[in-house]
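Source file upload_31.txt; content: compact mmCIF, C-alpha atoms and all ligand atoms.
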# COMPACT_ATOMS: atom_id res chain seq x y z
CA MET V 479 80.65 117.36 -35.06
CA LYS V 480 82.56 115.76 -37.96
CA THR V 481 86.28 116.06 -37.10
CA SER V 482 89.40 114.37 -38.34
CA TYR V 483 89.42 112.42 -35.10
CA PRO V 484 87.68 109.08 -35.12
CA SER V 485 84.25 109.66 -33.69
CA VAL V 486 82.05 107.34 -31.75
CA LEU V 487 78.61 107.59 -30.24
CA LEU V 488 78.56 105.73 -26.93
CA ILE V 489 75.07 104.70 -25.91
CA TYR V 490 74.61 103.53 -22.35
CA THR V 491 71.41 101.54 -21.95
CA GLY V 492 72.15 100.20 -18.48
CA GLY V 493 73.69 97.07 -17.02
CA THR V 494 76.55 96.32 -14.67
CA ILE V 495 79.21 98.12 -16.70
CA GLY V 496 77.83 101.55 -15.90
CA MET V 497 77.04 100.93 -12.27
CA ILE V 498 78.66 101.90 -9.04
CA GLU V 499 78.09 100.46 -5.63
CA ASN V 500 76.04 102.62 -3.30
CA PRO V 501 78.36 102.79 -0.26
CA ASP V 502 75.42 102.87 2.15
CA THR V 503 73.29 100.03 0.80
CA GLY V 504 75.81 98.00 -1.21
CA VAL V 505 73.30 97.96 -4.08
CA LEU V 506 74.53 98.54 -7.65
CA GLU V 507 73.11 101.76 -9.09
CA ALA V 508 73.56 103.37 -12.50
CA PHE V 509 76.01 106.25 -12.55
CA ASN V 510 75.79 109.40 -14.61
CA PHE V 511 77.64 108.81 -17.84
CA ASN V 512 78.78 112.38 -18.02
CA HIS V 513 81.26 111.20 -15.41
CA LEU V 514 82.63 108.53 -17.68
CA LEU V 515 86.04 110.16 -18.00
CA LYS V 516 86.38 110.24 -14.25
CA HIS V 517 86.01 106.48 -14.14
CA VAL V 518 87.91 105.71 -17.32
CA PRO V 519 90.64 108.36 -17.52
CA GLU V 520 92.44 106.16 -20.08
CA LEU V 521 89.93 107.40 -22.66
CA LYS V 522 91.59 110.81 -22.58
CA LYS V 523 94.76 109.31 -24.04
CA PHE V 524 92.98 108.52 -27.30
CA ASN V 525 92.23 111.19 -29.79
CA TYR V 526 88.66 110.06 -30.10
CA GLN V 527 85.66 112.26 -30.32
CA ILE V 528 83.35 110.47 -27.92
CA VAL V 529 79.79 111.63 -27.45
CA SER V 530 77.68 109.75 -24.98
CA TYR V 531 73.96 109.22 -24.76
CA GLN V 532 72.42 107.73 -21.67
CA PHE V 533 69.10 105.93 -21.37
CA ASP V 534 67.08 107.62 -18.67
CA PRO V 535 66.35 105.66 -16.63
CA ALA V 536 69.16 103.20 -17.28
CA ILE V 537 67.70 99.71 -17.44
CA ASP V 538 68.77 96.32 -16.28
CA SER V 539 68.84 94.35 -19.50
CA SER V 540 66.25 91.92 -18.13
CA ASP V 541 63.78 94.76 -18.73
CA ILE V 542 64.70 95.19 -22.40
CA GLU V 543 61.76 95.27 -24.81
CA PRO V 544 61.47 95.70 -28.58
CA SER V 545 60.61 99.35 -27.89
CA HIS V 546 64.17 99.80 -26.56
CA TRP V 547 65.56 98.23 -29.74
CA ALA V 548 63.50 100.70 -31.75
CA LYS V 549 64.90 103.52 -29.63
CA LEU V 550 68.47 102.35 -30.29
CA VAL V 551 67.81 102.13 -34.03
CA LYS V 552 66.30 105.59 -34.00
CA ILE V 553 69.38 107.02 -32.25
CA ILE V 554 71.77 105.26 -34.64
CA ASN V 555 69.79 106.28 -37.71
CA HIS V 556 69.56 109.87 -36.54
CA ASN V 557 73.33 110.06 -35.93
CA TYR V 558 74.46 107.76 -38.69
CA GLU V 559 76.34 110.30 -40.78
CA LYS V 560 77.93 112.04 -37.80
CA PHE V 561 79.91 109.15 -36.36
CA ASP V 562 82.36 106.54 -37.55
CA GLY V 563 80.88 103.92 -35.28
CA PHE V 564 78.59 103.14 -32.39
CA VAL V 565 79.25 101.45 -29.07
CA ILE V 566 76.29 100.25 -27.04
CA LEU V 567 76.82 99.52 -23.36
CA HIS V 568 74.27 96.95 -22.34
CA GLY V 569 73.60 94.48 -19.56
CA THR V 570 74.94 91.08 -20.40
CA ASP V 571 71.77 89.12 -19.64
CA THR V 572 69.92 89.96 -22.86
CA MET V 573 72.76 91.45 -24.89
CA ALA V 574 72.59 88.61 -27.43
CA TYR V 575 68.88 89.30 -28.07
CA THR V 576 69.52 93.02 -28.61
CA ALA V 577 72.49 92.35 -30.89
CA SER V 578 70.43 89.88 -32.94
CA ALA V 579 67.46 92.24 -33.21
CA LEU V 580 69.63 95.18 -34.29
CA SER V 581 71.31 93.08 -36.98
CA PHE V 582 67.89 92.66 -38.67
CA MET V 583 66.68 96.20 -37.99
CA LEU V 584 69.71 97.98 -39.48
CA GLU V 585 69.50 96.98 -43.14
CA ASN V 586 72.53 97.94 -45.27
CA LEU V 587 74.60 98.75 -42.19
CA SER V 588 78.09 99.84 -43.23
CA LYS V 589 79.39 101.11 -39.89
CA PRO V 590 80.33 99.20 -36.73
CA VAL V 591 77.74 98.79 -33.99
CA ILE V 592 79.59 97.15 -31.10
CA LEU V 593 77.77 96.00 -27.98
CA THR V 594 79.69 95.42 -24.81
CA GLY V 595 79.20 95.29 -21.08
CA SER V 596 80.92 93.72 -18.13
CA GLN V 597 80.56 91.28 -15.30
CA LEU V 598 81.95 93.73 -12.74
CA PRO V 599 81.02 97.44 -12.55
CA ILE V 600 83.45 99.86 -14.13
CA GLY V 601 84.21 101.48 -10.79
CA THR V 602 85.52 98.30 -9.16
CA LEU V 603 89.18 97.41 -9.01
CA ARG V 604 89.04 94.13 -10.91
CA THR V 605 86.53 95.34 -13.47
CA ASP V 606 86.46 93.81 -16.92
CA GLY V 607 84.46 96.84 -18.07
CA LYS V 608 87.36 99.18 -18.86
CA GLU V 609 89.08 96.75 -21.17
CA ASN V 610 85.82 95.88 -22.91
CA LEU V 611 84.86 99.53 -23.32
CA ILE V 612 88.22 100.79 -24.57
CA THR V 613 88.65 97.98 -27.09
CA ALA V 614 85.03 98.26 -28.28
CA ILE V 615 85.63 101.96 -29.00
CA GLU V 616 88.81 101.16 -30.88
CA ILE V 617 87.03 98.52 -33.00
CA ALA V 618 84.11 100.85 -33.70
CA THR V 619 86.45 103.45 -35.15
CA THR V 620 88.93 101.29 -37.07
CA LYS V 621 88.94 101.83 -40.80
CA ASN V 622 90.50 100.29 -43.87
CA ALA V 623 92.90 102.30 -46.02
CA ASP V 624 89.98 103.30 -48.28
CA GLY V 625 88.09 104.81 -45.34
CA THR V 626 85.51 102.04 -45.00
CA ALA V 627 84.85 100.41 -41.62
CA VAL V 628 86.81 97.25 -40.86
CA VAL V 629 83.82 95.72 -39.04
CA PRO V 630 80.63 97.04 -40.66
CA GLU V 631 78.25 94.87 -38.66
CA VAL V 632 76.50 94.45 -35.31
CA CYS V 633 78.90 92.67 -32.96
CA ILE V 634 79.43 91.78 -29.35
CA PHE V 635 82.88 92.43 -27.94
CA PHE V 636 83.58 90.65 -24.71
CA GLU V 637 86.74 89.44 -22.99
CA ASN V 638 89.08 89.78 -25.98
CA HIS V 639 86.72 88.30 -28.54
CA LEU V 640 84.78 90.12 -31.23
CA MET V 641 81.78 88.02 -32.23
CA ARG V 642 78.97 88.47 -34.73
CA GLY V 643 76.04 89.66 -32.62
CA ASN V 644 73.42 87.34 -34.06
CA ARG V 645 75.70 84.31 -33.54
CA THR V 646 76.42 84.94 -29.89
CA SER V 647 74.90 83.66 -26.65
CA LYS V 648 75.62 84.35 -23.01
CA ILE V 649 77.01 81.09 -21.67
CA ASN V 650 78.30 81.94 -18.21
CA SER V 651 76.82 84.03 -15.43
CA GLU V 652 80.09 84.48 -13.52
CA ASP V 653 83.15 84.24 -15.74
CA PHE V 654 84.57 87.27 -17.50
CA ASN V 655 84.56 85.07 -20.57
CA ALA V 656 80.76 85.07 -20.66
CA PHE V 657 79.84 84.90 -24.35
CA ARG V 658 80.33 82.38 -27.11
CA SER V 659 79.73 82.25 -30.81
CA HIS V 660 79.44 78.49 -31.14
CA ASN V 661 78.51 78.19 -34.78
CA TYR V 662 80.57 80.97 -36.33
CA PRO V 663 84.24 81.78 -35.74
CA ILE V 664 85.19 85.00 -33.97
CA LEU V 665 85.72 88.11 -36.11
CA ALA V 666 88.72 89.43 -34.19
CA ARG V 667 90.83 88.67 -31.16
CA ALA V 668 92.22 91.44 -28.98
CA GLY V 669 95.65 90.79 -27.52
CA ILE V 670 98.64 93.07 -27.83
CA HIS V 671 97.13 93.89 -31.22
CA ILE V 672 93.57 93.53 -32.41
CA LYS V 673 93.78 90.78 -34.99
CA TYR V 674 90.89 90.98 -37.44
CA GLU V 675 89.72 88.09 -39.62
CA PRO V 676 88.59 89.93 -42.78
CA ASP V 677 87.32 86.77 -44.50
CA ARG V 678 84.80 86.19 -41.72
CA ILE V 679 83.51 89.77 -41.56
CA ARG V 680 80.46 90.72 -43.61
CA LYS V 681 81.10 92.92 -46.62
CA ALA V 682 79.10 96.13 -46.66
CA ASP V 683 78.17 98.40 -49.50
CA PRO V 684 78.48 101.96 -48.13
CA SER V 685 76.82 103.36 -51.25
CA LYS V 686 73.52 101.83 -50.09
CA PRO V 687 71.62 103.96 -47.58
CA LEU V 688 70.90 102.58 -44.12
CA ILE V 689 67.31 101.35 -43.93
CA PRO V 690 66.07 101.34 -40.33
CA HIS V 691 63.28 98.95 -39.36
CA TYR V 692 61.19 99.32 -36.24
CA LEU V 693 58.30 96.88 -36.32
CA PHE V 694 58.09 93.76 -34.18
CA ASP V 695 55.33 91.31 -33.37
CA THR V 696 55.89 89.57 -30.04
CA ASN V 697 53.27 86.84 -30.49
CA VAL V 698 55.94 84.15 -30.46
CA VAL V 699 56.99 81.49 -28.00
CA ILE V 700 59.88 79.12 -27.28
CA LEU V 701 58.77 75.56 -26.58
CA THR V 702 61.51 73.27 -25.23
CA LEU V 703 60.93 69.54 -25.55
CA PHE V 704 61.85 67.19 -22.71
CA PRO V 705 61.17 63.53 -22.04
CA GLY V 706 57.67 63.32 -20.62
CA ILE V 707 56.37 66.63 -22.01
CA SER V 708 52.57 66.47 -21.79
CA LYS V 709 49.97 66.82 -24.49
CA ASP V 710 48.15 69.42 -22.38
CA VAL V 711 51.19 71.69 -22.22
CA VAL V 712 51.89 71.47 -25.95
CA THR V 713 48.19 72.02 -26.75
CA ALA V 714 48.06 75.08 -24.50
CA VAL V 715 51.18 76.60 -26.09
CA LEU V 716 50.07 75.98 -29.67
CA HIS V 717 46.63 77.38 -28.91
CA ALA V 718 47.81 80.42 -26.96
CA PRO V 719 45.73 83.40 -28.05
CA LYS V 720 47.27 85.35 -30.97
CA ILE V 721 50.29 83.02 -31.22
CA ARG V 722 51.90 83.29 -34.68
CA ALA V 723 55.25 81.56 -34.42
CA VAL V 724 56.96 78.94 -32.28
CA ILE V 725 60.61 78.08 -31.78
CA LEU V 726 60.61 74.35 -31.11
CA LYS V 727 63.76 73.41 -29.19
CA THR V 728 64.39 69.82 -30.13
CA TYR V 729 67.00 67.19 -29.43
CA GLY V 730 70.30 66.82 -31.32
CA THR V 731 69.98 67.39 -35.05
CA GLY V 732 66.31 68.34 -34.69
CA ASN V 733 64.54 65.29 -33.29
CA ALA V 734 61.34 64.90 -31.29
CA PRO V 735 59.58 61.93 -29.65
CA ARG V 736 57.49 59.82 -32.03
CA LYS V 737 54.10 60.53 -30.52
CA ASP V 738 51.13 60.83 -32.83
CA TRP V 739 49.49 63.51 -30.69
CA LEU V 740 52.60 65.70 -30.88
CA ILE V 741 52.98 65.46 -34.65
CA ASN V 742 49.23 65.98 -35.16
CA LEU V 743 49.26 69.09 -32.96
CA LEU V 744 52.27 70.52 -34.81
CA LYS V 745 50.75 69.73 -38.22
CA GLU V 746 47.44 71.25 -37.27
CA ALA V 747 49.24 74.37 -35.99
CA THR V 748 51.23 74.88 -39.21
CA GLU V 749 48.00 74.42 -41.17
CA ARG V 750 46.46 77.21 -39.08
CA GLY V 751 49.31 79.48 -40.29
CA ILE V 752 51.63 79.22 -37.29
CA VAL V 753 55.31 79.20 -38.28
CA ILE V 754 57.23 76.54 -36.33
CA VAL V 755 61.02 76.70 -36.43
CA ASN V 756 63.22 73.83 -35.32
CA ILE V 757 66.28 74.83 -33.23
CA THR V 758 68.51 72.35 -31.45
CA GLN V 759 68.85 72.28 -27.67
CA CYS V 760 72.60 71.63 -28.20
CA SER V 761 74.73 74.73 -27.84
CA SER V 762 76.45 74.08 -31.15
CA GLY V 763 75.67 72.28 -34.39
CA CYS V 764 72.98 72.39 -37.00
CA ILE V 765 69.45 71.08 -37.55
CA GLU V 766 69.20 68.22 -40.03
CA MET V 767 65.66 66.87 -39.86
CA GLU V 768 66.25 64.46 -42.73
CA ARG V 769 68.74 62.49 -40.66
CA TYR V 770 66.46 60.43 -38.40
CA GLU V 771 62.86 59.27 -38.47
CA THR V 772 62.33 61.35 -35.32
CA GLY V 773 63.29 64.45 -37.29
CA ILE V 774 61.67 63.72 -40.63
CA GLN V 775 58.23 63.47 -39.01
CA LEU V 776 58.63 67.15 -37.98
CA LEU V 777 59.49 68.13 -41.53
CA GLN V 778 56.37 66.33 -42.71
CA ALA V 779 54.33 68.23 -40.13
CA GLY V 780 55.44 71.51 -41.72
CA VAL V 781 58.15 72.45 -39.20
CA ILE V 782 60.97 74.45 -40.81
CA SER V 783 64.68 74.25 -40.09
CA GLY V 784 66.40 76.97 -38.08
CA TYR V 785 69.73 75.52 -39.27
CA ASP V 786 72.52 76.58 -36.88
CA SER V 787 70.77 79.69 -35.60
CA THR V 788 70.97 80.73 -31.97
CA VAL V 789 67.65 80.91 -30.16
CA GLU V 790 68.18 84.65 -29.65
CA SER V 791 68.62 85.18 -33.37
CA ALA V 792 65.72 82.93 -34.42
CA ILE V 793 63.21 84.50 -32.04
CA THR V 794 64.15 88.10 -32.91
CA LYS V 795 64.15 87.28 -36.63
CA LEU V 796 60.65 85.84 -36.31
CA MET V 797 59.41 88.86 -34.34
CA TYR V 798 60.93 91.14 -36.98
CA LEU V 799 59.40 89.25 -39.92
CA LEU V 800 55.99 88.94 -38.26
CA GLY V 801 56.09 92.64 -37.46
CA HIS V 802 56.45 93.40 -41.15
CA ASN V 803 53.31 91.46 -41.98
CA TYR V 804 54.80 89.00 -44.41
CA SER V 805 52.60 86.04 -45.27
CA GLN V 806 53.35 82.67 -43.69
CA GLU V 807 54.92 81.54 -46.99
CA GLU V 808 57.15 84.63 -47.17
CA ILE V 809 58.22 84.20 -43.56
CA ARG V 810 59.11 80.56 -44.18
CA LYS V 811 61.16 81.65 -47.19
CA LYS V 812 62.94 84.39 -45.25
CA MET V 813 63.71 82.04 -42.38
CA TYR V 814 65.56 80.03 -45.04
CA THR V 815 67.40 83.16 -46.14
CA ASP V 816 70.57 84.55 -44.61
CA LEU V 817 69.54 88.16 -43.87
CA ALA V 818 72.42 89.33 -41.67
CA GLY V 819 74.89 86.47 -41.40
CA GLU V 820 72.75 84.66 -38.83
CA ILE V 821 72.76 81.19 -40.42
CA THR V 822 75.16 79.00 -42.33
CA PHE V 823 73.66 76.67 -44.88
CA PRO V 824 74.95 73.17 -44.22
CA ALA V 825 76.28 71.01 -47.05
CA TYR V 826 73.05 68.93 -47.11
CA HIS V 827 71.06 72.09 -47.98
CA PHE V 828 72.74 72.17 -51.40
CA ARG V 829 72.24 68.46 -52.19
N1 LIG T 901 71.48 92.02 -14.79
C1 LIG T 901 72.50 92.76 -15.50
C2 LIG T 901 71.92 93.14 -16.86
O1 LIG T 901 71.85 92.32 -17.72
C3 LIG T 901 73.73 91.96 -15.63
C4 LIG T 901 74.81 92.62 -16.44
O2 LIG T 901 74.80 93.78 -16.72
O3 LIG T 901 75.73 91.93 -16.82
O4 LIG T 901 71.54 94.27 -17.03
Using structure tokens, write down the structure that the file contains.
Amino acid sequence: MKTSYPSVLLIYTGGTIGMIENPDTGVLEAFNFNHLLKHVPELKKFNYQIVSYQFDPAIDSSDIEPSHWAKLVKIINHNYEKFDGFVILHGTDTMAYTASALSFMLENLSKPVILTGSQLPIGTLRTDGKENLITAIEIATTKNADGTAVVPEVCIFFENHLMRGNRTSKINSEDFNAFRSHNYPILARAGIHIKYEPDRIRKADPSKPLIPHYLFDTNVVILTLFPGISKDVVTAVLHAPKIRAVILKTYGTGNAPRKDWLINLLKEATERGIVIVNITQCSSGCIEMERYETGIQLLQAGVISGYDSTVESAITKLMYLLGHNYSQEEIRKKMYTDLAGEITFPAYHFR
């Protein structure tokens, strides 16, 4: 299959982008991707070698599970040498989770893996899908003069912006501009030209072989604090059977109410081996537990900082680390390690 044409493997998992409206029922149904060229004739103008693979059945991304991530990694690993890059068409609802998970599962990635989707099906007149698809393919096949990929990482491309996958969240259920990377600048902007920001893009070492990872442990939970949260609820969550890790969504820079029962429950949970990671409820900014008394008490209870991580990235990173059977100490250490560009260490970290 290796040709002098740029080659891309297009994987359609499901989601709005690949749907057409059933004229009888008005319901959106997945279309056969072998008919892609019929719907996007523009693709013929490029000298790309495009091979497509379709999930059967195609799935709404609300149904995505770690087993689907493993399937994607298997497909990419199996075809790694044959293609210059990979484009994954995915529903927007959980795209940020999939992108985050893949960034941890594809160790030593040196080729682009670009996820995209759309808010309107590709067959509709005002679709955003064509633009997203065509540009994602172009990004996935763009190389430097030395033949290396310009964007050797897992990204989301949506509405003109190329974002690091594990930094991105879906922020709007209606707008075409539906994703944001709040805590890390975009990697490229697509206008008349695609303007890349090389200093922000991860450097890859193509001499290192891709190491695929498949294991996940889903015994994790996200616990969001709110004024009035009850002791019974927190107790039930922290004592859920088999629970191994908790994302604690706190206020501001990582603060929680000063209630003895809450701190005691958290402390007792960390002593039982549960990893508790502090992530802010704010859409941007970083955890800094040392800043207020309401934060420092969490640190003293054994809660660790998630820094400026997205929830999607923190939860998939935890599932990935737990799946690989690291000890609690090793997991805590790795949560404080930048594995795939998912966190930025704030200045206070180095003090
Ligand atoms: N519910 C759809 C999904 O996430 C929405 C979309 O594709 O944007 O699969």
task = Go through the chains and note each residue within 7 Å of ligand LIG 901 (chain T), using all atoms listed in the file, then give the set as number ranges by chain.
result = V: 492-495, 537-540, 568-572, 595-597
message = Quick one: residues within 9 Å of Thr696 of chain V, all atoms listed in the file, excluding same-chain residues fewer than 2 positions away - as a list in words?
response = Pro544, Phe694, Val698, Val699, Ile721, Arg722, Thr794, Leu796, Met797, Tyr798, Leu800 and Gly801 of chain V
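The two atoms in question, atom CA of Ile774 of chain V and atom CA of Asn661 of chain V, are spaced 23.0 Å apart.
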request  = Figure out the distance between atom CA of Ala682 of chain V and atom CA of Asn586 of chain V, please, to one decimal in Å.
outcome  = 7.0 Å
Per residue of segment 590-651 of chain V within 12 Å of segment 548-552 of chain V, which atom pair is closest and at what distance in Å (one decimal), using only C-alpha atoms, listed by chain and increasing number, as a Markdown table?
| residue | atom | partner | partner_atom | distance |
| --- | --- | --- | --- | --- |
| V:Val591 | CA | V:Val551 | CA | 10.5 |
| V:Leu593 | CA | V:Leu550 | CA | 11.5 |
| V:Val632 | CA | V:Val551 | CA | 11.7 |
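Minimum atom-to-atom distance to Pro690 of chain V, evaluated using all atoms listed in the file, belongs to V:Trp547 out of V:Phe654, V:Tyr814, V:Trp739, V:Trp547.
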Nearby residues, (82.6, 94.6, -11.6) file frame, 10 Å, all atoms listed in the file, as a CSV table (one decimal) with C-alpha atoms, in the frame of the given file:
chain,number,residue,atom,x,y,z
V,494,THR,CA,76.6,96.3,-14.7
V,495,ILE,CA,79.2,98.1,-16.7
V,496,GLY,CA,77.8,101.6,-15.9
V,497,MET,CA,77.0,100.9,-12.3
V,498,ILE,CA,78.7,101.9,-9.0
V,499,GLU,CA,78.1,100.5,-5.6
V,506,LEU,CA,74.5,98.5,-7.6
V,596,SER,CA,80.9,93.7,-18.1
V,597,GLN,CA,80.6,91.3,-15.3
V,598,LEU,CA,82.0,93.7,-12.7
V,599,PRO,CA,81.0,97.4,-12.6
V,600,ILE,CA,83.4,99.9,-14.1
V,601,GLY,CA,84.2,101.5,-10.8
V,602,THR,CA,85.5,98.3,-9.2
V,603,LEU,CA,89.2,97.4,-9.0
V,604,ARG,CA,89.0,94.1,-10.9
V,605,THR,CA,86.5,95.3,-13.5
V,606,ASP,CA,86.5,93.8,-16.9
V,607,GLY,CA,84.5,96.8,-18.1
V,608,LYS,CA,87.4,99.2,-18.9
V,654,PHE,CA,84.6,87.3,-17.5
note = Atom pair atom CA of Ser581 of chain V + atom CA of Gly763 of chain V, distance 21.4 Å
ask   = Near Glu746 of chain V, within 12 Å and counting only C-alpha atoms, which residues show up once chain neighbours fewer than 3 positions away are dropped, as a PyMOL selection string?
value = chain V and resi 713+716-717+738-743+749-754+776+778-781
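With all atoms listed in the file as the atoms that count, the residue of V:Tyr729, V:Phe635, V:Tyr558, V:Tyr785 with the shortest distance to Tyr770 of chain V is V:Tyr729.
Using all atoms listed in the file, the shortest contact distance between Cys760 of chain V and any of V:Gly732, V:Pro824, V:Pro535, V:Pro676 is found at V:Gly732.
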task = Could you tell me which of V:Leu521, V:Ile553, V:Ile615, V:Ile634 comes closest to Arg658 of chain V if we count only C-alpha atoms?
result = V:Ile634
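Minimum atom-to-atom distances from V:Val518, V:Ile664, V:Ala734, V:Ala627 to Asp683 of chain V were compared using only C-alpha atoms, and the lowest value belongs to V:Ala627.
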task = Find the residues around segment 639-650 of chain V up to 6 Å (all atoms listed in the file counted), leave out those fewer than 4 positions away in its own chain, and share them as a PyMOL selection string.
result = chain V and resi 574+577-578+632-635+656-659+664-667+791+820
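Closest approach to Tyr692 of chain V among V:Met573, V:Ile554, V:Leu584, V:Ile542: V:Leu584, based on all atoms listed in the file.
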Using only C-alpha atoms, determine which residues lie at most 9 Å from Leu799 of chain V, disregarding the query and same-chain residues fewer than 6 positions distant; provide the list as an mmCIF file with C-alpha atoms, keeping the file's coordinate frame.
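Listing of around26.cif after writing:
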data_model
loop_
_atom_site.group_PDB
_atom_site.id
_atom_site.type_symbol
_atom_site.label_atom_id
_atom_site.label_comp_id
_atom_site.auth_asym_id
_atom_site.auth_seq_id
_atom_site.Cartn_x
_atom_site.Cartn_y
_atom_site.Cartn_z
ATOM 1 C CA LEU V 693 58.300 96.880 -36.320
ATOM 2 C CA PHE V 694 58.090 93.760 -34.180
ATOM 3 C CA ASP V 695 55.330 91.310 -33.370
ATOM 4 C CA GLU V 808 57.150 84.630 -47.170
ATOM 5 C CA ILE V 809 58.220 84.200 -43.560
ATOM 6 C CA LYS V 812 62.940 84.390 -45.250
ATOM 7 C CA MET V 813 63.710 82.040 -42.380
#
request  = Select all residues near (78.2, 101.8, -27.7) (cut-off 10 Å, inclusive, file coordinates), counting all atoms listed in the file, and output them as number ranges by chain.
outcome  = V: 486-491, 529-531, 563-568, 590-595, 611, 614-615, 618
